[in-house]
Amino acid sequence: MNELGAGTGLRRLVHEVQSLELGQSTAYEGGLLVVSEEDASTFFRDPALAEVRVGCASPGESARIINPLDAVQPCSKGPGGGGVFPGFVGAALPPGRGETHILRGAAVVAAGHLPRAQEAVIDMSGPVAALSPLAATNNIVVEFERAPDAAWEDVESALRRGVLRLAVHLADAALDAAPDAVEELPDPTAGGPDGRARVGVVTNLQTQGKFKDVFVYGRSLSGGLPTAISPNELDDGAVVSGQYGHPALKNPTYLHQTHPVVAAIRESEDMWLAALVLCPEPVEQGAKELVSAHAARLCAALGLDAAIVTKEGGGNADADVALKMDRLDELGITAVGVFAEMAGRDGAGPPLVVPPSRATAMVSAGNYDELVTLPECDRALGGERIALLDLPATDELELPVAAVYGALNPLGWGRVTCSEAA
Amino acid sequence: MILCNLVSIAQRVGAPRIVPTRGIPYPAGDPSLGPDGERAWRRELLGQALTALSTAVEEPTVFAGASE
Amino acid sequence: MRIAHYLNQFFAGVGGEDAADAGPELRQEPVGPGRKLAASLAPEHEVVATIFCGDDHASTHPEFAAALVEQAREAGAELLIAGPAFTSGRYGLACARVVSAAAEAGMPALAAMHPENPGVAEVQGAPIVESGATAREMRPSLERLAAAARRLADGEELTAEDGRIGAVARRNRMADLNAAQRAVALVRDRLRGGSEATEIPLPSFDQVTPAAPLADPAAALIALVTEGGLVPAGNPDRLQSARATKWVRHSLEGRDSVAAGEFESVHGGFSTQWANAEPNRILPLDVAREMEREGAIGKLHTEYFGTTGNGTTVADARRFGLEWAAELRRAHIQAAILTAT
């Protein structure tokens with residue numbers, strides 16, 4: 001490692017959370033996270049919010065979270081550590097160096113109604129649990145009521161600020177605990193061992209305005225061009241989600257923080273995680289083409305041998321992946337795209353709205369339209385009825401897998417895939 | 001036969017006889033020419049279309065468009 | 001099982017292109033190639049009815065299919081077989097409509113045609129088995145069809161081994177690795193020189209057999225058609241600006257030009273200012289009439305067909321093309337010029 005390299009990496013101090021309960025005061029010990037509802041509510045004091053309730057839902061419980069909005073992994077750099085969630089909690093400066101404490105196995109989840117949010121479900125146990133990343137975390141669920149006459153944008157902002165600050169507060173409870181694991185993440189700019197293929201990740205972020213935007217350092221990439229950040233910045237919350245549509249195709253903040261493609265490249269011994277390029281997803285063809293062409297040039301300038309392209313959203317976002325795959329291919333950079341399919345209920349329809357024209361390597365995150373049945377459960381957080389079916393939230397529900405939060409996650413979290421029936 | 005601007009798409013979907021045009025919003029026109037010039041250009045384009053229709057082809061074939 | 005067999009006018013022995021307009025009919029016995037089919041399926045199964053229709057009528061009257069299926073059911077049919085249609089596009093489309101209508105009505109059905117028949121993409125809810133390209137391959141095609149029909153009658157799911165073609169259902173399943181890890185594996189495969197591996201196949205488009213060239217354009221009957229969304233001003237047919245599910249037709253008789261103010265484009269995929277200022281930029285009627293007057297072409301068709309090519313599904317676009325071809329053939333048109341935007 002050269003001089004520049006020393007000190008540019010990130011050390012992750014991992015504190016495992018095995019169980020969760022509400023209690024008098026917030027504390028973390030021996031894998032148990034105790035959350036004080038009173039404590040937690042202070043972070044949500046805002047004129048736009050009338051009331052906030054904190055509940056728990058842990059893996060294996062007969063519980064269902066409906067209307068989940070964003071989910072966040074608790075993290076903190078401790079006093080003097082520089083701050084996380086730049087632009088929202090910490091100062092708007094690139095993070096991702098030094099040390100970060102994370103609570104692995106916990107998530108703060110807001111649940112309730114926001115405009116343009118599509119109804120989503122998470123089952124904490126049963127056959128559909130395995131389809132959602134949040135069924136594997138101990139969830140601190142924050143339900144809320146809008147203050148009378150409050151603008152929904154203000155509700156959303158207040159909620160986001162509250163969830164992020166609570167996430168930091170919970171991680172702060174573990175600062176003095178001996179970590180269960182210490183993970184060293186070198187910075188890609190420090191260069192990699194000779195011989196390994198330089199593989200980057202190109203992650204497209206939805207940029208469609210209110211309730212459909214994703215933030216980098218607290219700002220939207222809408223109307224802008226691609227940018228490269230260190231993948232280590234993701235751990236410190238450089239990317240925060242404000243997008244509440246397409247439940248199965250959603251990238252909550254939690255999955256930006258724990259970016260599965262970044263993790264998969266890191267764990268492969270024959271590849272070097274060389275770069276992370278973030279791009280807006282314009283809704284107009286000309287802008288899509290410009291962003292995609294520019295992203296490919298940026299990947300070439302970063303010396304990539306290969307790039308894995310991810311998206312957020314439905315069919316329109318397929319075009320952004322397809323264009324990037326084709327532009328990368330033209331520049332001699334191996335391109336792989338991650339897509340969810342929209343092949344219809346019987347799976348016989350054309351899988352993609354916009355396939356690439358020359359690049360061909362695609363991963364399927366599953367067919368969106370296939371139906372799943374969620375069994376009856378004991379309790380539900382985030383609401384009382386499923387409007388899609390007009391049924392009580394705890395009933396047995398038959399829904400397209402499109403409604404299961406994160407089931408076809410475009411950052412590659414899920415094991416669901418789609419293939420021809422035998 | 002097809003008169004179109006996005007020739008590669010026509011080829012990809014197997015259109016046998018293709019004659020390229022000046023722009024998507026005006027497949028049989030060219031607003032940069034004056035009215036007389038444009039009409040003469042359009043006549044020439046249709047002439048190329050007839051040539052394509054009268055030529056044997058085995059696979060998607062792009063014929064010359066109307067001249068500058 | 002009792003089986004109904006669908007054929008077109010030609011294989012039913014009614015006539016060739018001259019009979020392509022023949023309406024739907026039912027006969028209570030196997031007909032033409034159906035006799036060989038019936039023999040192969042005996043004694044367990046019986047062909048109790050032959051239903052048939054002219055290819056042009058089938059293309060231009062989609063409702064024929066449900067009506068024929070109902071008649072077949074009344075004649076006692078429990079399973080429906082259509083074809084083999086080989087590469088005949090209108091016949092394939094008709095078979096597709098018939099088996100789809102049968103599936104919709106809850107009757108098991110099976111079609112047979114060549115993999116490149118455009119009808120393959122039009123089948124919903126029923127399997128398709130491969131046939132040869134032409135009637136020269138009738139015998140092996142019928143053998144395969146009969147074998148598949150037997151398995152279908154036994155309640156078996158048809159697979160590639162039966163010669164199954166067309167869109168196969170894709171089903172979700174849990175892989176061992178997550179999508180991110182599978183993407184990394186694909187990168188590894190490609191970096192090592194692989195070029196085939198993928199979890200999502202690219203769509204393949206039709207092979208289109210080019211029509212024979214015009215022997216003499218000066219004698220030819222030619223039609224102008226467009227996907228530029230050209231409609232009479234005011235859009236009386238309400239043609240959609242995007243995701244069109246229909247097409248329109250209007251007379252060009254007595255017109256030397258499509259005039260601004262009388263025609264407009266409703267296409268939502270580009271700025272229509274140039275089209276509306278001069279609609280001949282979308283449908284080149286002015287110069288086509290000139291060529292007709294001067295004898296460069298024989299005759300221009302009396303009407304034009306149009307739709308909006310903006311986010312149209314491949315299935316709809318394919319269907320429009322088949323329907324336009326059927327209509328134009330009925331009018332003895334020899335060539336069509338399509339303006340695309």
# chains A, B, ... in the order shown; residues from 1 in each chain; ligands from 1
$ select_by_dssp --residues "region 239-291 of chain A" --states "alpha helix (DSSP H)" --output "count of residues only"
19
$ residues_around --residues "Glu116 (chain C)" --least-positions-apart "5" --cutoff "10 Å" --atoms "only C-alpha atoms" --output "VMD selection string"
chain C and resid 86 to 89 92 121 130 133 165 to 166 205 to 209
$ write_last_selection --atoms "C-alpha atoms" --output "mmCIF file, in the first residue's frame"
data_model
loop_
_atom_site.group_PDB
_atom_site.id
_atom_site.type_symbol
_atom_site.label_atom_id
_atom_site.label_comp_id
_atom_site.auth_asym_id
_atom_site.auth_seq_id
_atom_site.Cartn_x
_atom_site.Cartn_y
_atom_site.Cartn_z
ATOM 1 C CA PHE C 86 -46.160 -24.435 -41.175
ATOM 2 C CA THR C 87 -44.836 -20.912 -41.938
ATOM 3 C CA SER C 88 -48.126 -19.533 -43.173
ATOM 4 C CA GLY C 89 -48.521 -16.353 -41.115
ATOM 5 C CA GLY C 92 -50.670 -19.404 -37.790
ATOM 6 C CA ALA C 121 -46.169 -15.115 -30.311
ATOM 7 C CA GLU C 130 -43.118 -27.532 -33.828
ATOM 8 C CA ALA C 133 -41.734 -25.294 -42.735
ATOM 9 C CA ILE C 165 -41.890 -24.184 -28.968
ATOM 10 C CA GLY C 166 -42.876 -20.638 -28.135
ATOM 11 C CA PHE C 205 -37.256 -11.449 -33.382
ATOM 12 C CA ASP C 206 -39.005 -12.995 -36.325
ATOM 13 C CA GLN C 207 -37.238 -14.099 -39.425
ATOM 14 C CA VAL C 208 -39.172 -12.330 -42.144
ATOM 15 C CA THR C 209 -39.198 -14.013 -45.537
#
$ interface_residues --of "chain A" --to "chain C" --cutoff "6 Å" --atoms "only C-alpha atoms" --output "list in words"
Pro260, Val261, Ala264, Asp346, Gly347, Ala348, Ala361, Met362, Val363, Ser364, Gly366, Gly412, Trp413, Gly414, Arg415, Val416, Thr417, Cys418, Ser419, Glu420 and Ala421 of chain A
$ residues_around --residues "region 261-269 of chain C" --least-positions-apart "3" --cutoff "12 Å" --atoms "only C-alpha atoms" --output "JSON, numbers by chain"
{"A": [284, 285], "B": [24, 25, 26], "C": [226, 227, 228, 229, 230, 231, 232, 233, 234, 235, 236, 237, 238, 239, 240, 241, 242, 243, 244, 250, 252, 255, 257, 258, 272, 273, 274, 275, 276, 277, 278, 279, 280, 281, 282, 283, 285, 306, 307, 308, 309, 310, 311, 312, 340, 341]}
$ write_last_selection --atoms "N, CA and C atoms" --output "compact mmCIF listing (two decimals), in the first residue's frame"
# COMPACT_ATOMS: atom_id res chain seq x y z
N GLU A 284 -36.04 10.61 -19.50
CA GLU A 284 -36.14 10.99 -20.89
C GLU A 284 -35.00 10.33 -21.66
N GLN A 285 -35.31 9.87 -22.86
CA GLN A 285 -34.37 9.04 -23.62
C GLN A 285 -33.03 9.72 -23.83
N ILE B 24 -36.66 11.38 -37.42
CA ILE B 24 -37.82 10.69 -36.87
C ILE B 24 -39.12 11.47 -37.08
N PRO B 25 -39.14 12.78 -36.83
CA PRO B 25 -40.44 13.48 -36.91
C PRO B 25 -40.93 13.73 -38.34
N TYR B 26 -40.14 13.41 -39.33
CA TYR B 26 -40.52 13.68 -40.72
C TYR B 26 -39.95 12.61 -41.63
N THR C 226 -48.56 3.71 -42.44
CA THR C 226 -47.68 4.46 -41.55
C THR C 226 -47.87 4.11 -40.09
N GLU C 227 -46.81 4.30 -39.29
CA GLU C 227 -46.96 4.22 -37.83
C GLU C 227 -46.74 5.60 -37.21
N GLY C 228 -46.85 6.62 -38.08
CA GLY C 228 -46.60 7.98 -37.62
C GLY C 228 -47.81 8.65 -36.98
N GLY C 229 -48.84 7.87 -36.70
CA GLY C 229 -49.99 8.43 -35.99
C GLY C 229 -50.82 9.39 -36.82
N LEU C 230 -50.82 9.26 -38.14
CA LEU C 230 -51.56 10.19 -38.99
C LEU C 230 -53.05 9.89 -38.95
N VAL C 231 -53.85 10.92 -38.64
CA VAL C 231 -55.30 10.73 -38.54
C VAL C 231 -55.99 11.99 -39.11
N PRO C 232 -57.26 11.87 -39.48
CA PRO C 232 -57.99 13.07 -39.88
C PRO C 232 -58.02 14.04 -38.70
N ALA C 233 -57.98 15.33 -38.98
CA ALA C 233 -57.93 16.33 -37.90
C ALA C 233 -59.05 16.05 -36.91
N GLY C 234 -58.71 16.12 -35.62
CA GLY C 234 -59.70 15.83 -34.60
C GLY C 234 -59.66 14.39 -34.12
N ASN C 235 -58.91 13.54 -34.83
CA ASN C 235 -58.74 12.15 -34.39
C ASN C 235 -60.08 11.48 -34.06
N PRO C 236 -60.95 11.37 -35.07
CA PRO C 236 -62.29 10.81 -34.81
C PRO C 236 -62.27 9.37 -34.28
N ASP C 237 -61.25 8.59 -34.62
CA ASP C 237 -61.20 7.20 -34.14
C ASP C 237 -60.53 7.08 -32.78
N ARG C 238 -60.08 8.24 -32.24
CA ARG C 238 -59.39 8.21 -30.94
C ARG C 238 -58.19 7.27 -30.95
N LEU C 239 -57.36 7.36 -31.97
CA LEU C 239 -56.13 6.57 -31.99
C LEU C 239 -55.25 7.04 -30.84
N GLN C 240 -54.68 6.09 -30.09
CA GLN C 240 -53.88 6.46 -28.93
C GLN C 240 -52.54 7.06 -29.35
N SER C 241 -51.99 7.92 -28.50
CA SER C 241 -50.67 8.52 -28.79
C SER C 241 -49.53 7.64 -28.36
N ALA C 242 -49.83 6.66 -27.52
CA ALA C 242 -48.80 5.72 -27.07
C ALA C 242 -49.50 4.40 -26.75
N ARG C 243 -48.73 3.31 -26.79
CA ARG C 243 -49.29 1.99 -26.46
C ARG C 243 -50.59 1.74 -27.23
N ALA C 244 -50.55 2.08 -28.51
CA ALA C 244 -51.76 1.90 -29.33
C ALA C 244 -52.18 0.44 -29.35
N HIS C 250 -58.39 5.14 -43.56
CA HIS C 250 -59.18 6.23 -44.12
C HIS C 250 -58.98 6.31 -45.62
N LEU C 252 -58.38 7.66 -49.33
CA LEU C 252 -57.54 8.68 -49.98
C LEU C 252 -58.15 9.06 -51.33
N ARG C 255 -58.10 12.55 -53.28
CA ARG C 255 -57.10 13.41 -52.65
C ARG C 255 -55.77 13.33 -53.41
N SER C 257 -53.22 14.92 -51.91
CA SER C 257 -52.28 15.33 -50.87
C SER C 257 -52.98 15.16 -49.53
N VAL C 258 -52.21 14.98 -48.45
CA VAL C 258 -52.81 15.03 -47.11
C VAL C 258 -52.49 16.44 -46.59
N THR C 272 -44.71 16.78 -33.02
CA THR C 272 -45.49 16.65 -34.26
C THR C 272 -45.61 17.95 -35.04
N GLN C 273 -44.84 18.95 -34.66
CA GLN C 273 -44.99 20.25 -35.34
C GLN C 273 -44.72 20.16 -36.84
N TRP C 274 -43.67 19.39 -37.22
CA TRP C 274 -43.35 19.31 -38.65
C TRP C 274 -44.38 18.48 -39.39
N ALA C 275 -44.87 17.45 -38.73
CA ALA C 275 -45.88 16.59 -39.35
C ALA C 275 -47.17 17.37 -39.56
N ASN C 276 -47.54 18.17 -38.58
CA ASN C 276 -48.80 18.91 -38.68
C ASN C 276 -48.70 20.07 -39.66
N ALA C 277 -47.49 20.61 -39.81
CA ALA C 277 -47.31 21.69 -40.79
C ALA C 277 -47.39 21.13 -42.20
N GLU C 278 -46.98 19.89 -42.37
CA GLU C 278 -46.96 19.28 -43.70
C GLU C 278 -47.13 17.77 -43.54
N PRO C 279 -48.38 17.30 -43.48
CA PRO C 279 -48.63 15.87 -43.24
C PRO C 279 -48.05 14.93 -44.29
N ASN C 280 -47.75 15.44 -45.49
CA ASN C 280 -47.13 14.56 -46.50
C ASN C 280 -45.75 14.10 -46.05
N ARG C 281 -45.23 14.73 -44.99
CA ARG C 281 -43.97 14.26 -44.43
C ARG C 281 -44.16 12.93 -43.70
N ILE C 282 -45.40 12.64 -43.32
CA ILE C 282 -45.70 11.37 -42.65
C ILE C 282 -46.21 10.35 -43.68
N LEU C 283 -47.14 10.77 -44.52
CA LEU C 283 -47.70 9.89 -45.55
C LEU C 283 -47.48 10.60 -46.88
N LEU C 285 -48.35 11.22 -49.76
CA LEU C 285 -49.39 11.09 -50.78
C LEU C 285 -49.14 12.00 -51.97
N GLY C 306 -53.07 3.27 -40.67
CA GLY C 306 -52.12 3.93 -39.79
C GLY C 306 -52.28 3.49 -38.35
N THR C 307 -51.20 3.61 -37.60
CA THR C 307 -51.25 3.41 -36.16
C THR C 307 -50.19 4.32 -35.55
N THR C 308 -50.04 4.25 -34.22
CA THR C 308 -48.99 5.02 -33.54
C THR C 308 -47.95 4.04 -33.05
N GLY C 309 -46.73 4.20 -33.54
CA GLY C 309 -45.66 3.30 -33.13
C GLY C 309 -44.88 3.91 -31.98
N ASN C 310 -45.50 3.93 -30.79
CA ASN C 310 -44.84 4.51 -29.62
C ASN C 310 -45.16 3.63 -28.43
N GLY C 311 -44.21 2.75 -28.05
CA GLY C 311 -44.48 1.85 -26.94
C GLY C 311 -45.53 0.81 -27.27
N THR C 312 -45.74 0.57 -28.55
CA THR C 312 -46.68 -0.49 -28.95
C THR C 312 -46.07 -1.81 -28.51
N ALA C 340 -41.94 5.04 -41.08
CA ALA C 340 -41.78 4.78 -39.64
C ALA C 340 -41.05 5.95 -38.99
N THR C 341 -41.44 6.22 -37.74
CA THR C 341 -40.90 7.40 -37.05
C THR C 341 -40.07 7.01 -35.83
$ select_by_dssp --residues "region 28-268 of chain C" --states "strand (DSSP E)" --output "PyMOL selection string"
chain C and resi 46-53+79-82+109-113+128-130+164-165+170-174+221-226+230-232+248-251+263-265
$ write_last_selection --atoms "C-alpha atoms" --output "PDB file, in the first residue's frame"
ATOM      1  CA  GLU C  46     -61.805 -39.473 -31.848  1.00  0.00           C
ATOM      2  CA  VAL C  47     -61.883 -36.414 -34.113  1.00  0.00           C
ATOM      3  CA  VAL C  48     -65.561 -35.495 -33.825  1.00  0.00           C
ATOM      4  CA  ALA C  49     -65.430 -32.182 -35.659  1.00  0.00           C
ATOM      5  CA  THR C  50     -63.363 -30.177 -38.079  1.00  0.00           C
ATOM      6  CA  ILE C  51     -63.635 -26.434 -37.752  1.00  0.00           C
ATOM      7  CA  PHE C  52     -62.213 -24.199 -40.410  1.00  0.00           C
ATOM      8  CA  CYS C  53     -62.127 -20.635 -41.635  1.00  0.00           C
ATOM      9  CA  LEU C  79     -59.855 -30.968 -26.704  1.00  0.00           C
ATOM     10  CA  LEU C  80     -58.884 -28.763 -29.629  1.00  0.00           C
ATOM     11  CA  ILE C  81     -55.992 -29.164 -32.072  1.00  0.00           C
ATOM     12  CA  ALA C  82     -55.074 -26.481 -34.634  1.00  0.00           C
ATOM     13  CA  ALA C 109     -55.842 -27.046 -26.786  1.00  0.00           C
ATOM     14  CA  LEU C 110     -52.706 -27.475 -28.845  1.00  0.00           C
ATOM     15  CA  ALA C 111     -51.406 -25.708 -31.955  1.00  0.00           C
ATOM     16  CA  ALA C 112     -48.744 -26.802 -34.418  1.00  0.00           C
ATOM     17  CA  MET C 113     -46.649 -24.476 -36.575  1.00  0.00           C
ATOM     18  CA  ILE C 128     -47.444 -25.076 -29.357  1.00  0.00           C
ATOM     19  CA  VAL C 129     -45.509 -27.907 -30.965  1.00  0.00           C
ATOM     20  CA  GLU C 130     -43.118 -27.532 -33.828  1.00  0.00           C
ATOM     21  CA  ARG C 164     -42.747 -27.673 -27.696  1.00  0.00           C
ATOM     22  CA  ILE C 165     -41.890 -24.184 -28.968  1.00  0.00           C
ATOM     23  CA  ARG C 170     -40.529 -18.816 -16.440  1.00  0.00           C
ATOM     24  CA  ARG C 171     -40.879 -19.599 -12.754  1.00  0.00           C
ATOM     25  CA  ASN C 172     -39.323 -18.081  -9.671  1.00  0.00           C
ATOM     26  CA  ARG C 173     -37.096 -20.306  -7.581  1.00  0.00           C
ATOM     27  CA  MET C 174     -34.463 -19.830  -4.873  1.00  0.00           C
ATOM     28  CA  LEU C 221     -50.807  -1.591 -57.064  1.00  0.00           C
ATOM     29  CA  ILE C 222     -49.174   0.052 -54.074  1.00  0.00           C
ATOM     30  CA  ALA C 223     -50.425   1.073 -50.634  1.00  0.00           C
ATOM     31  CA  LEU C 224     -49.108   3.741 -48.295  1.00  0.00           C
ATOM     32  CA  VAL C 225     -49.168   2.770 -44.605  1.00  0.00           C
ATOM     33  CA  THR C 226     -47.678   4.456 -41.550  1.00  0.00           C
ATOM     34  CA  LEU C 230     -51.560  10.193 -38.986  1.00  0.00           C
ATOM     35  CA  VAL C 231     -55.297  10.733 -38.541  1.00  0.00           C
ATOM     36  CA  PRO C 232     -57.991  13.068 -39.876  1.00  0.00           C
ATOM     37  CA  VAL C 248     -57.130   3.235 -38.341  1.00  0.00           C
ATOM     38  CA  ARG C 249     -58.003   3.311 -42.035  1.00  0.00           C
ATOM     39  CA  HIS C 250     -59.180   6.235 -44.124  1.00  0.00           C
ATOM     40  CA  SER C 251     -59.994   6.855 -47.744  1.00  0.00           C
ATOM     41  CA  PHE C 263     -54.820  15.693 -41.198  1.00  0.00           C
ATOM     42  CA  GLU C 264     -52.629  15.628 -38.121  1.00  0.00           C
ATOM     43  CA  SER C 265     -50.282  13.331 -36.231  1.00  0.00           C
TER      44      SER C 265
END
$ residues_around --residues "Thr55 (chain B)" --least-positions-apart "6" --cutoff "9 Å" --atoms "only C-alpha atoms" --output "list of chain:residue names"
B:Arg17, C:Ala212, C:Pro213, C:Leu214, C:Ala215
$ write_last_selection --atoms "C-alpha atoms" --output "short mmCIF file (atom, residue, chain, number, x, y, z; two decimals), in the first residue's frame"
data_model
loop_
_atom_site.label_atom_id
_atom_site.label_comp_id
_atom_site.auth_asym_id
_atom_site.auth_seq_id
_atom_site.Cartn_x
_atom_site.Cartn_y
_atom_site.Cartn_z
CA ARG B 17 -36.12 -3.62 -47.57
CA ALA C 212 -40.54 -11.47 -54.28
CA PRO C 213 -39.60 -8.17 -55.97
CA LEU C 214 -42.10 -6.26 -58.10
CA ALA C 215 -41.64 -7.29 -61.70
#
$ residues_around --residues "Arg43 (chain B)" --least-positions-apart "2" --cutoff "12 Å" --atoms "only C-alpha atoms" --output "mmCIF file with N, CA and C atoms, in the first residue's frame"
data_model
loop_
_atom_site.group_PDB
_atom_site.id
_atom_site.type_symbol
_atom_site.label_atom_id
_atom_site.label_comp_id
_atom_site.auth_asym_id
_atom_site.auth_seq_id
_atom_site.Cartn_x
_atom_site.Cartn_y
_atom_site.Cartn_z
ATOM 1 N N ALA B 28 -40.842 11.253 -44.380
ATOM 2 C CA ALA B 28 -40.819 11.519 -45.818
ATOM 3 C C ALA B 28 -40.598 12.999 -46.063
ATOM 4 N N GLY B 29 -39.775 13.627 -45.227
ATOM 5 C CA GLY B 29 -39.556 15.057 -45.401
ATOM 6 C C GLY B 29 -38.191 15.503 -44.932
ATOM 7 N N ASP B 30 -37.901 16.748 -45.212
ATOM 8 C CA ASP B 30 -36.679 17.389 -44.724
ATOM 9 C C ASP B 30 -36.967 18.878 -44.615
ATOM 10 N N ASP B 36 -40.255 23.548 -52.281
ATOM 11 C CA ASP B 36 -40.026 22.890 -53.578
ATOM 12 C C ASP B 36 -38.930 21.848 -53.463
ATOM 13 N N GLY B 37 -37.852 22.242 -52.797
ATOM 14 C CA GLY B 37 -36.733 21.328 -52.608
ATOM 15 C C GLY B 37 -37.163 20.077 -51.856
ATOM 16 N N GLU B 38 -38.008 20.274 -50.832
ATOM 17 C CA GLU B 38 -38.444 19.140 -50.014
ATOM 18 C C GLU B 38 -39.312 18.188 -50.824
ATOM 19 N N ARG B 39 -40.198 18.755 -51.636
ATOM 20 C CA ARG B 39 -41.071 17.902 -52.445
ATOM 21 C C ARG B 39 -40.258 17.091 -53.447
ATOM 22 N N ALA B 40 -39.246 17.749 -54.039
ATOM 23 C CA ALA B 40 -38.382 17.036 -54.994
ATOM 24 C C ALA B 40 -37.621 15.941 -54.265
ATOM 25 N N TRP B 41 -37.174 16.227 -53.037
ATOM 26 C CA TRP B 41 -36.461 15.249 -52.230
ATOM 27 C C TRP B 41 -37.375 14.071 -51.907
ATOM 28 N N LEU B 45 -37.059 10.143 -52.752
ATOM 29 C CA LEU B 45 -37.146 9.109 -51.708
ATOM 30 C C LEU B 45 -38.088 7.986 -52.142
ATOM 31 N N LEU B 46 -39.242 8.368 -52.674
ATOM 32 C CA LEU B 46 -40.188 7.348 -53.125
ATOM 33 C C LEU B 46 -39.623 6.557 -54.307
ATOM 34 N N GLY B 47 -38.808 7.248 -55.130
ATOM 35 C CA GLY B 47 -38.134 6.554 -56.229
ATOM 36 C C GLY B 47 -37.221 5.465 -55.685
ATOM 37 N N GLN B 48 -36.508 5.784 -54.602
ATOM 38 C CA GLN B 48 -35.637 4.793 -53.960
ATOM 39 C C GLN B 48 -36.471 3.669 -53.371
ATOM 40 N N ALA B 49 -37.638 4.010 -52.851
ATOM 41 C CA ALA B 49 -38.541 2.991 -52.309
ATOM 42 C C ALA B 49 -38.944 2.003 -53.401
ATOM 43 N N LEU B 50 -39.252 2.526 -54.590
ATOM 44 C CA LEU B 50 -39.636 1.642 -55.703
ATOM 45 C C LEU B 50 -38.469 0.758 -56.125
ATOM 46 N N GLY B 65 -30.606 6.183 -49.650
ATOM 47 C CA GLY B 65 -31.707 7.103 -49.435
ATOM 48 C C GLY B 65 -31.723 8.140 -50.544
ATOM 49 N N ALA B 66 -32.518 9.193 -50.349
ATOM 50 C CA ALA B 66 -32.518 10.287 -51.328
ATOM 51 C C ALA B 66 -31.222 11.081 -51.143
ATOM 52 N N SER B 67 -30.771 11.704 -52.233
ATOM 53 C CA SER B 67 -29.449 12.351 -52.181
ATOM 54 C C SER B 67 -29.480 13.640 -51.361
ATOM 55 N N ASN C 280 -47.746 15.435 -45.493
ATOM 56 C CA ASN C 280 -47.131 14.563 -46.498
ATOM 57 C C ASN C 280 -45.755 14.096 -46.049
ATOM 58 N N ARG C 281 -45.228 14.734 -44.991
ATOM 59 C CA ARG C 281 -43.967 14.265 -44.427
ATOM 60 C C ARG C 281 -44.163 12.930 -43.700
ATOM 61 N N PRO C 284 -46.523 10.134 -47.685
ATOM 62 C CA PRO C 284 -46.107 10.900 -48.875
ATOM 63 C C PRO C 284 -47.107 10.828 -50.036
ATOM 64 N N LEU C 285 -48.351 11.216 -49.760
ATOM 65 C CA LEU C 285 -49.390 11.092 -50.778
ATOM 66 C C LEU C 285 -49.139 12.004 -51.974
ATOM 67 N N ASP C 286 -48.639 13.216 -51.720
ATOM 68 C CA ASP C 286 -48.481 14.161 -52.839
ATOM 69 C C ASP C 286 -47.603 13.594 -53.948
ATOM 70 N N VAL C 287 -46.424 13.088 -53.579
ATOM 71 C CA VAL C 287 -45.558 12.577 -54.642
ATOM 72 C C VAL C 287 -46.018 11.212 -55.147
ATOM 73 N N ALA C 288 -46.704 10.449 -54.301
ATOM 74 C CA ALA C 288 -47.205 9.144 -54.754
ATOM 75 C C ALA C 288 -48.254 9.338 -55.849
ATOM 76 N N ARG C 289 -49.093 10.360 -55.715
ATOM 77 C CA ARG C 289 -50.120 10.660 -56.736
ATOM 78 C C ARG C 289 -49.481 11.097 -58.046
ATOM 79 N N GLU C 290 -48.419 11.899 -57.866
ATOM 80 C CA GLU C 290 -47.669 12.369 -59.035
ATOM 81 C C GLU C 290 -47.131 11.170 -59.797
ATOM 82 N N MET C 291 -46.576 10.224 -59.066
ATOM 83 C CA MET C 291 -45.990 9.046 -59.688
ATOM 84 C C MET C 291 -47.083 8.201 -60.355
ATOM 85 N N GLU C 292 -48.256 8.185 -59.751
ATOM 86 C CA GLU C 292 -49.370 7.434 -60.328
ATOM 87 C C GLU C 292 -49.788 8.091 -61.642
ATOM 88 N N ALA C 296 -45.310 6.061 -63.133
ATOM 89 C CA ALA C 296 -44.167 5.424 -62.472
ATOM 90 C C ALA C 296 -44.643 4.260 -61.611
#
$ residues_around --residues "region 142-144 of chain C" --least-positions-apart "2" --cutoff "8 Å" --atoms "only C-alpha atoms" --output "short mmCIF file (atom, residue, chain, number, x, y, z; two decimals) with C-alpha atoms, in the first residue's frame"
data_model
loop_
_atom_site.label_atom_id
_atom_site.label_comp_id
_atom_site.auth_asym_id
_atom_site.auth_seq_id
_atom_site.Cartn_x
_atom_site.Cartn_y
_atom_site.Cartn_z
CA PRO C 33 -54.95 -33.90 -43.00
CA LYS C 36 -54.45 -38.90 -40.96
CA LEU C 37 -54.50 -37.25 -37.54
CA SER C 40 -53.03 -41.78 -35.53
CA PRO C 84 -50.11 -27.62 -38.62
CA VAL C 129 -45.51 -27.91 -30.97
CA GLU C 130 -43.12 -27.53 -33.83
CA SER C 131 -44.10 -28.37 -37.38
CA MET C 138 -46.98 -32.81 -43.44
CA ARG C 139 -46.41 -36.44 -42.48
CA PRO C 140 -43.69 -35.94 -39.81
CA ALA C 146 -50.54 -36.63 -32.74
CA ALA C 147 -47.96 -37.75 -30.19
CA ALA C 148 -48.17 -34.44 -28.36
CA ASP C 162 -42.52 -33.14 -27.41
CA GLY C 163 -41.31 -30.44 -29.80
#
